[in-house]
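*Asks:* Before anything else, here's the structure in question.
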Amino acid sequence: MKSQTAPKTYRVKSFGCQMNVYDGERMGELLAAQGLAPASEGEEAELVVLNTCHIREKAAEKVYSDIGRLVKAGRQAGREPMIAVAGCVAQAEGEEIMVRAPAVSMVVGPQAYHRLPEMLDKAVQGERATDTDMPAIAKFAALPERRKIGPAAFLTVQEGCDKFCTYCVVPYTRGAEISRLYSDLVAEAQRLVEAGAREITLLGQNVSAWAGEDAKGRVTGLAGLIRDLAAIDGLARIRYTTSHPADMDDDLIAAHGEVEKLMPFLHLPVQAGSDRVLRAMNRSHTAESYLKLLDRFRAARPDIALSGDFIVGFPGETEAEFAETLSLVDAVGYAQAFSFKYSPRPGTPAASMDGQIAAEVMDDRLQRLQAALNRDQHAFNRASVGRRCEVLVERKGKLPGQWLGKSPWLQSVWFDADCAIGDLVQVELGDAGPNSLEGRVLLREPA
Ligand code: SAH
Ligand code: SF4
Ligand code: F3S
């Protein structure tokens, strides 16, 4: 590859989960610390980082077509961008990307992106570089300080996964479960609040598996961390995602009843309602143990909004087993949920199981499941009408004077008010649609 002029502008395009969004922000901060400026809206960036996701179908193919599009657009504009592929496809495909896509200068995995600056220097010299090492937690220490961010910020506290659900690539792309140090997390949370965050969502592939030692040297779990973060002045709200049913302890359940800043929301993926399917997925819960767990959260925090993830069409899933998923949905009454068609991931045990389900059957099941989930989401919103709550203002709405924010139950709320991003506005919820509610403003507490 020829040497290239050093890029002056960058764009990071993140796909997939919130941890990828967090990583994308941190990569942006790294590049900014190297003197690059974020490309403005509509402008072609001189360095494009594709921060990819490998969780479902055709992720890799999509990356190659994105690269093709970038090269073509660059040629037409007279300057091809420098391209880096990051994230979980980078980890899974590694060197293969270099072979198939000569336009790519850098391939960097999710645990190695702190080395982007060195890779960028090499790329400018015309040297292509791949780094998919997993040096555990070293990455965080090598990243620059958090810069100005919005009112709702992400903070990765735990990475990786040891659960090995038989359908999932995450244990392979993100490596083993690792908790970041308590002291580093408290410091980063404080920095985020100084930089303008009023809400922090603690992130991890298995966030409830976080463990560490607090300032007094006591071993503590996620609940202990949440209680200590709640003491930060200026931080109004704490959330966490994603949890696994196996790691939910009494202390975390109790925290939902005790810590005012911990929002009444729980995303707890179940995946399926049939115990046979759950066993084949290597999930450690049954439908009944999952429902009992939710009951304990409800006892601690009666208004808690529940969310989940579902997979339809796991190999061997019968119509009767799928019906058990629908029954579980009926029993829970989710406030929101994500549902997916099973996607065979190369190298995972489920990909070679017997009984792969036909596409039409999966389509049909997904439609029926989503109809039930949408019905429940709308019902949850309708039941919220008349509730008074705080909304954290996150952005402007489409119409002049209109603003958008989130309720404690993570519903999107729009309202007309004289306010600013980052304000906490008291509203009464009214007019509920399936995806958002209107708020009538009662009071505004300035940021
Ligand atoms: N760590 C979380 C989420 C991991 S990925 C958890 O344990 O639940 C997010 C969601 O993607 C999963 O909950 C699952 O519903 C879905 N998913 C993962 N692998 C998939 C696959 N091969 N096909 C379809 N959906 C999948
Ligand atoms: Fe994937 Fe299961 Fe780990 Fe979640 S718990 S990341 S679904 S292996
Ligand atoms: Fe996707 Fe990797 Fe997240 S595969 S869902 S970006 S952990």
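In the structure tokens, chains take the letters A, B, ... in the order shown, each chain's residues start at 1, and ligands count up from 1 in the order shown.
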When the cut-off is 6 Å and you count only C-alpha atoms and all ligand atoms, which residues lie near ligand 2, shown as a list in words?
*Replies:*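 Selection of residues at most 6 Å from ligand 2: Cys161, Lys163, Phe164, Cys165, Cys168, Val170, Pro171 and Gln205 of chain A.
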*Asks:* So which residues are near ligand 1, meaning at most 6 Å away with only C-alpha atoms and all ligand atoms counted, given back as a compact mmCIF listing (two decimals) with all heavy atoms, in the first residue's frame?
*Replies:*
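Once written, result_15.txt looks like this:
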# COMPACT_ATOMS: atom_id res chain seq x y z
N ILE A 55 -23.28 -10.15 15.59
CA ILE A 55 -24.24 -10.98 16.34
C ILE A 55 -25.18 -11.77 15.44
O ILE A 55 -25.56 -12.88 15.77
CB ILE A 55 -25.03 -10.12 17.37
CG1 ILE A 55 -25.59 -10.99 18.49
CG2 ILE A 55 -26.15 -9.31 16.76
CD1 ILE A 55 -24.65 -11.26 19.58
N ARG A 56 -25.58 -11.17 14.30
CA ARG A 56 -26.51 -11.88 13.44
C ARG A 56 -26.07 -11.87 11.98
O ARG A 56 -25.08 -11.24 11.62
CB ARG A 56 -27.92 -11.28 13.55
CG ARG A 56 -28.66 -11.77 14.79
CD ARG A 56 -29.96 -11.04 15.01
NE ARG A 56 -29.72 -9.67 15.41
CZ ARG A 56 -29.52 -9.28 16.66
NH1 ARG A 56 -29.56 -10.14 17.64
NH2 ARG A 56 -29.27 -8.02 16.95
N TYR A 167 -25.89 -20.34 20.70
CA TYR A 167 -26.12 -19.60 19.45
C TYR A 167 -25.21 -18.40 19.29
O TYR A 167 -25.21 -17.76 18.25
CB TYR A 167 -27.59 -19.10 19.41
CG TYR A 167 -27.99 -18.38 20.68
CD1 TYR A 167 -27.64 -17.06 20.89
CD2 TYR A 167 -28.67 -19.05 21.70
CE1 TYR A 167 -27.96 -16.40 22.07
CE2 TYR A 167 -28.99 -18.41 22.89
CZ TYR A 167 -28.62 -17.09 23.06
OH TYR A 167 -28.91 -16.46 24.24
N CYS A 168 -24.43 -18.05 20.32
CA CYS A 168 -23.90 -16.68 20.42
C CYS A 168 -22.40 -16.56 20.14
O CYS A 168 -21.61 -17.39 20.60
CB CYS A 168 -24.21 -16.15 21.81
SG CYS A 168 -23.74 -14.43 22.04
N GLN A 205 -21.57 -7.04 28.71
CA GLN A 205 -22.28 -8.16 28.09
C GLN A 205 -23.01 -8.95 29.17
O GLN A 205 -24.04 -9.54 28.92
CB GLN A 205 -21.31 -9.09 27.34
CG GLN A 205 -21.12 -8.72 25.90
CD GLN A 205 -19.99 -7.73 25.75
OE1 GLN A 205 -19.17 -7.57 26.65
NE2 GLN A 205 -19.93 -7.06 24.62
N ASN A 206 -22.44 -8.96 30.37
CA ASN A 206 -23.07 -9.56 31.55
C ASN A 206 -22.84 -8.63 32.71
O ASN A 206 -22.09 -8.92 33.63
CB ASN A 206 -22.45 -10.92 31.85
CG ASN A 206 -23.12 -11.98 31.04
OD1 ASN A 206 -24.29 -12.26 31.23
ND2 ASN A 206 -22.37 -12.57 30.14
N THR A 242 -26.40 -5.29 29.88
CA THR A 242 -27.46 -6.26 29.89
C THR A 242 -27.20 -7.29 30.97
O THR A 242 -26.06 -7.69 31.17
CB THR A 242 -27.51 -6.97 28.54
OG1 THR A 242 -27.89 -6.05 27.54
CG2 THR A 242 -28.53 -8.08 28.54
N HIS A 244 -27.82 -11.09 32.91
CA HIS A 244 -28.16 -12.49 32.66
C HIS A 244 -28.91 -13.00 33.89
O HIS A 244 -28.50 -12.73 35.02
CB HIS A 244 -26.87 -13.29 32.45
CG HIS A 244 -27.12 -14.69 31.99
ND1 HIS A 244 -27.62 -15.66 32.83
CD2 HIS A 244 -26.94 -15.28 30.80
CE1 HIS A 244 -27.74 -16.79 32.15
NE2 HIS A 244 -27.34 -16.59 30.91
N PRO A 269 -32.87 -10.50 29.35
CA PRO A 269 -33.18 -11.40 28.24
C PRO A 269 -33.53 -12.80 28.72
O PRO A 269 -32.89 -13.34 29.61
CB PRO A 269 -31.87 -11.42 27.43
CG PRO A 269 -31.22 -10.12 27.74
CD PRO A 269 -31.55 -9.86 29.19
N GLN A 271 -34.91 -15.18 26.08
CA GLN A 271 -34.67 -15.87 24.79
C GLN A 271 -35.81 -16.78 24.34
O GLN A 271 -36.17 -16.79 23.17
CB GLN A 271 -33.35 -16.66 24.76
CG GLN A 271 -32.12 -15.92 25.28
CD GLN A 271 -31.77 -14.64 24.56
OE1 GLN A 271 -32.40 -14.29 23.57
NE2 GLN A 271 -30.78 -13.92 25.05
N ASP A 309 -35.04 -9.98 25.64
CA ASP A 309 -34.63 -10.36 24.28
C ASP A 309 -35.20 -11.75 24.00
O ASP A 309 -35.25 -12.59 24.90
CB ASP A 309 -33.11 -10.48 24.16
CG ASP A 309 -32.39 -9.14 24.16
OD1 ASP A 309 -33.05 -8.10 24.01
OD2 ASP A 309 -31.16 -9.15 24.31
N PHE A 310 -35.57 -11.97 22.74
CA PHE A 310 -36.12 -13.27 22.31
C PHE A 310 -35.47 -13.73 21.02
O PHE A 310 -35.18 -12.91 20.14
CB PHE A 310 -37.63 -13.14 22.05
CG PHE A 310 -38.41 -12.86 23.30
CD1 PHE A 310 -38.61 -11.56 23.71
CD2 PHE A 310 -38.91 -13.90 24.05
CE1 PHE A 310 -39.31 -11.29 24.88
CE2 PHE A 310 -39.62 -13.64 25.22
CZ PHE A 310 -39.82 -12.34 25.64
N ILE A 311 -35.32 -15.02 20.91
CA ILE A 311 -34.91 -15.62 19.63
C ILE A 311 -36.00 -16.59 19.20
O ILE A 311 -36.41 -17.45 20.01
CB ILE A 311 -33.57 -16.38 19.78
CG1 ILE A 311 -32.45 -15.40 20.14
CG2 ILE A 311 -33.24 -17.16 18.52
CD1 ILE A 311 -31.11 -16.07 20.42
N PHE A 340 -35.63 -11.52 17.70
CA PHE A 340 -34.82 -11.80 16.53
C PHE A 340 -35.10 -13.19 15.98
O PHE A 340 -35.45 -14.09 16.74
CB PHE A 340 -33.33 -11.75 16.90
CG PHE A 340 -32.95 -10.55 17.71
CD1 PHE A 340 -32.78 -10.64 19.11
CD2 PHE A 340 -32.77 -9.32 17.12
CE1 PHE A 340 -32.44 -9.54 19.86
CE2 PHE A 340 -32.43 -8.20 17.87
CZ PHE A 340 -32.26 -8.31 19.24
N LYS A 341 -34.87 -13.33 14.66
CA LYS A 341 -34.88 -14.67 14.08
C LYS A 341 -33.52 -15.30 14.39
O LYS A 341 -32.49 -14.62 14.30
CB LYS A 341 -35.03 -14.58 12.55
CG LYS A 341 -36.44 -14.26 12.13
CD LYS A 341 -36.57 -14.33 10.63
CE LYS A 341 -36.16 -13.00 10.03
NZ LYS A 341 -36.48 -12.88 8.60
N TYR A 342 -33.52 -16.57 14.73
CA TYR A 342 -32.26 -17.27 14.97
C TYR A 342 -31.37 -17.15 13.74
O TYR A 342 -31.80 -17.35 12.60
CB TYR A 342 -32.51 -18.74 15.30
CG TYR A 342 -31.24 -19.53 15.26
CD1 TYR A 342 -30.28 -19.37 16.26
CD2 TYR A 342 -30.95 -20.39 14.20
CE1 TYR A 342 -29.07 -20.05 16.20
CE2 TYR A 342 -29.76 -21.09 14.14
CZ TYR A 342 -28.81 -20.90 15.15
OH TYR A 342 -27.62 -21.57 15.08
N SER A 343 -30.11 -16.84 13.99
CA SER A 343 -29.15 -16.72 12.89
C SER A 343 -27.94 -17.60 13.18
O SER A 343 -27.27 -17.41 14.20
CB SER A 343 -28.73 -15.24 12.82
OG SER A 343 -27.61 -15.09 12.01
N PRO A 344 -27.69 -18.62 12.35
CA PRO A 344 -26.57 -19.51 12.64
C PRO A 344 -25.24 -18.76 12.52
O PRO A 344 -24.96 -18.16 11.48
CB PRO A 344 -26.67 -20.60 11.56
CG PRO A 344 -27.62 -20.07 10.54
CD PRO A 344 -28.41 -18.95 11.12
N ARG A 345 -24.46 -18.76 13.58
CA ARG A 345 -23.17 -18.07 13.57
C ARG A 345 -22.07 -19.09 13.41
O ARG A 345 -21.99 -20.04 14.22
CB ARG A 345 -22.94 -17.26 14.86
CG ARG A 345 -24.07 -16.36 15.30
CD ARG A 345 -24.64 -15.50 14.19
NE ARG A 345 -23.74 -14.50 13.68
CZ ARG A 345 -23.51 -14.29 12.38
NH1 ARG A 345 -24.11 -15.03 11.46
NH2 ARG A 345 -22.70 -13.36 11.98
*Asks:* Could you name the residues that touch segment 248-258 of chain A at 10 Å or less, counting only C-alpha atoms, but leaving out those on the same chain fewer than 5 positions away, as a list in words?
*Replies:* Val207, Ser208, Ala209, Thr220, Gly221, Leu222, Ala223, Gly224, Ile226, Arg227, Ser243, Met263, Pro264, Phe265, Leu266, Leu268, Leu293, Leu294, Arg296, Phe297, Arg298, Ala299, Ala300, Arg301, Pro302 and Ile304 of chain A
*Asks:* Contacts of Lys8 of chain A at 7 Å or less, counting only C-alpha atoms, minus same-chain residues fewer than 5 places along, as a PDB file with all heavy atoms, in the first residue's frame?
*Replies:*
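Now in around.pdb:
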ATOM      1  N   LEU A  36      -7.195  14.838  15.118  1.00  0.00           N
ATOM      2  CA  LEU A  36      -8.211  14.751  14.058  1.00  0.00           C
ATOM      3  C   LEU A  36      -9.511  15.405  14.544  1.00  0.00           C
ATOM      4  O   LEU A  36      -9.807  15.390  15.736  1.00  0.00           O
ATOM      5  CB  LEU A  36      -8.504  13.295  13.690  1.00  0.00           C
ATOM      6  CG  LEU A  36      -7.491  12.613  12.762  1.00  0.00           C
ATOM      7  CD1 LEU A  36      -6.266  12.182  13.538  1.00  0.00           C
ATOM      8  CD2 LEU A  36      -8.129  11.413  12.074  1.00  0.00           C
ATOM      9  N   ALA A  37     -10.265  15.946  13.606  1.00  0.00           N
ATOM     10  CA  ALA A  37     -11.546  16.558  13.971  1.00  0.00           C
ATOM     11  C   ALA A  37     -12.672  15.666  13.472  1.00  0.00           C
ATOM     12  O   ALA A  37     -12.550  15.047  12.413  1.00  0.00           O
ATOM     13  CB  ALA A  37     -11.657  17.935  13.330  1.00  0.00           C
ATOM     14  N   GLU A  46     -12.063  11.835   6.224  1.00  0.00           N
ATOM     15  CA  GLU A  46     -10.820  11.323   5.621  1.00  0.00           C
ATOM     16  C   GLU A  46     -10.403   9.985   6.239  1.00  0.00           C
ATOM     17  O   GLU A  46      -9.675   9.223   5.634  1.00  0.00           O
ATOM     18  CB  GLU A  46      -9.709  12.371   5.767  1.00  0.00           C
ATOM     19  CG  GLU A  46     -10.014  13.611   4.926  1.00  0.00           C
ATOM     20  CD  GLU A  46      -9.015  14.745   5.089  1.00  0.00           C
ATOM     21  OE1 GLU A  46      -7.969  14.554   5.730  1.00  0.00           O
ATOM     22  OE2 GLU A  46      -9.304  15.834   4.569  1.00  0.00           O
TER      23      GLU A  46
END
*Asks:* Find the spatial neighbours of Gly430 of chain A, counting only C-alpha atoms, within a cut-off of 7 Å - ignore same-chain residues fewer than 3 positions away - and output them as an NGL selection string.
*Replies:* :A and (385-386 or 437-439)
*Asks:* Using only C-alpha atoms and all ligand atoms, what are the residues with an atom within 6 Å of ligand 3, set out as a PyMOL selection string?
*Replies:* chain A and resi 16-17+20+53-55+88+170
*Asks:* Generate the output file for the selected residues, C-alpha atoms, as a PDB file, in the first residue's frame.
*Replies:*
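Contents of the output file part.pdb:
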ATOM      1  CA  GLY A  16     -24.653  -3.424  17.276  1.00  0.00           C
ATOM      2  CA  CYS A  17     -24.925  -3.092  21.020  1.00  0.00           C
ATOM      3  CA  ASN A  20     -20.033  -0.823  20.669  1.00  0.00           C
ATOM      4  CA  CYS A  53     -21.254  -6.127  15.001  1.00  0.00           C
ATOM      5  CA  HIS A  54     -21.193  -9.878  14.365  1.00  0.00           C
ATOM      6  CA  ILE A  55     -24.242 -10.977  16.342  1.00  0.00           C
ATOM      7  CA  CYS A  88     -16.690  -7.793  16.545  1.00  0.00           C
ATOM      8  CA  VAL A 170     -19.939 -12.843  21.939  1.00  0.00           C
TER       9      VAL A 170
END
*Asks:* From a DSSP pass on the backbone, collect the residues of segment 22-56 of chain A flagged as strand (DSSP E or B) and hand them back as a CSV table (one decimal) with N, CA and C atoms, in the first residue's frame.
*Replies:*
chain,number,residue,atom,x,y,z
A,37,ALA,N,-10.3,15.9,13.6
A,37,ALA,CA,-11.5,16.6,14.0
A,37,ALA,C,-12.7,15.7,13.5
A,38,PRO,N,-13.8,15.6,14.2
A,38,PRO,CA,-14.9,14.8,13.7
A,38,PRO,C,-15.5,15.5,12.4
A,47,LEU,N,-10.9,9.7,7.5
A,47,LEU,CA,-10.7,8.4,8.1
A,47,LEU,C,-12.1,7.9,8.5
A,48,VAL,N,-12.5,6.7,8.0
A,48,VAL,CA,-13.7,6.1,8.4
A,48,VAL,C,-13.5,4.9,9.2
A,49,VAL,N,-14.0,4.8,10.5
A,49,VAL,CA,-13.9,3.6,11.3
A,49,VAL,C,-15.2,2.9,11.2
A,50,LEU,N,-15.3,1.7,10.7
A,50,LEU,CA,-16.5,0.9,10.7
A,50,LEU,C,-16.4,0.0,12.0
A,51,ASN,N,-17.2,0.4,13.0
A,51,ASN,CA,-17.2,-0.3,14.3
A,51,ASN,C,-18.3,-1.4,14.2
A,52,THR,N,-17.9,-2.6,13.9
A,52,THR,CA,-18.9,-3.6,13.4
A,52,THR,C,-19.5,-4.5,14.5
*Asks:* Determine the nearest neighbour of Gln76 of chain A from the options A:Glu390, A:Asp228, A:Glu29, A:Glu44, counting only C-alpha atoms.
*Replies:*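 Going through A:Glu390, A:Asp228, A:Glu29, A:Glu44 one by one, the smallest distance to Gln76 of chain A is for A:Glu44.
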*Asks:* Record the distance separating atom CA of Tyr113 of chain A and atom CA of Met27 of chain A, expressed in Å with one decimal.
*Replies:*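 Here the two named atoms are 7.0 Å from each other.
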*Asks:* Give me, as a compact mmCIF listing (two decimals) with all heavy atoms, in the first residue's frame, all polymer residues having an atom no more than 7 Å from segment 354-361 of chain A, counting only C-alpha atoms and skipping those fewer than 3 positions away in the same chain.
*Replies:*
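Writing the result to result26.txt gives the following:
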# COMPACT_ATOMS: atom_id res chain seq x y z
N GLY A 313 -37.19 -19.57 16.37
CA GLY A 313 -36.66 -20.49 15.36
C GLY A 313 -35.30 -21.06 15.70
O GLY A 313 -34.53 -21.42 14.81
N PRO A 315 -32.77 -23.95 16.43
CA PRO A 315 -32.86 -25.29 15.83
C PRO A 315 -33.73 -26.24 16.67
O PRO A 315 -33.54 -26.33 17.88
CB PRO A 315 -31.40 -25.77 15.81
CG PRO A 315 -30.61 -24.51 15.72
CD PRO A 315 -31.39 -23.45 16.45
N GLY A 316 -34.67 -26.89 15.99
CA GLY A 316 -35.53 -27.87 16.67
C GLY A 316 -36.75 -27.29 17.33
O GLY A 316 -37.60 -28.04 17.84
N ASP A 364 -42.86 -16.16 10.17
CA ASP A 364 -44.20 -16.23 10.73
C ASP A 364 -44.16 -16.12 12.26
O ASP A 364 -44.93 -15.37 12.87
CB ASP A 364 -44.83 -17.56 10.27
CG ASP A 364 -46.16 -17.79 10.95
OD1 ASP A 364 -47.07 -16.98 10.70
OD2 ASP A 364 -46.29 -18.76 11.74
N ARG A 365 -43.24 -16.85 12.88
CA ARG A 365 -43.15 -16.81 14.35
C ARG A 365 -42.73 -15.42 14.83
O ARG A 365 -43.27 -14.92 15.83
CB ARG A 365 -42.17 -17.88 14.86
CG ARG A 365 -42.74 -19.25 14.71
CD ARG A 365 -41.83 -20.35 15.25
NE ARG A 365 -42.40 -21.64 14.86
CZ ARG A 365 -41.77 -22.80 14.94
NH1 ARG A 365 -40.53 -22.85 15.42
NH2 ARG A 365 -42.37 -23.91 14.57
*Asks:* Would you pick out the contacts of segment 199-203 of chain A at 6 Å or less, using only C-alpha atoms, so that residues sharing its chain but fewer than 2 positions from it are not included, and give the list as a list in words?
*Replies:*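 After dropping sequence-adjacent residues, the list is Ala152, Ala153, Phe154, Leu155, Thr156, Val157, Ala197, Val207, Ala236, Arg237, Ile238, Arg239, Tyr240 and Thr241 of chain A.
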*Asks:* In segment 175-409 of chain A, what's helix (DSSP H, G or I) per DSSP? Answer as number ranges by chain?
*Replies:* A: 182-194, 207-209, 222-229, 245-247, 250-258, 275-280, 287-300, 319-332, 349-352, 359-384
*Asks:* Measuring atom to atom with only C-alpha atoms, identify which of A:Leu373, A:Val12, A:Ala211, A:Ile149 is nearest to Ile178 of chain A.
*Replies:*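 Closest to Ile178 of chain A, using only C-alpha atoms: A:Ala211.
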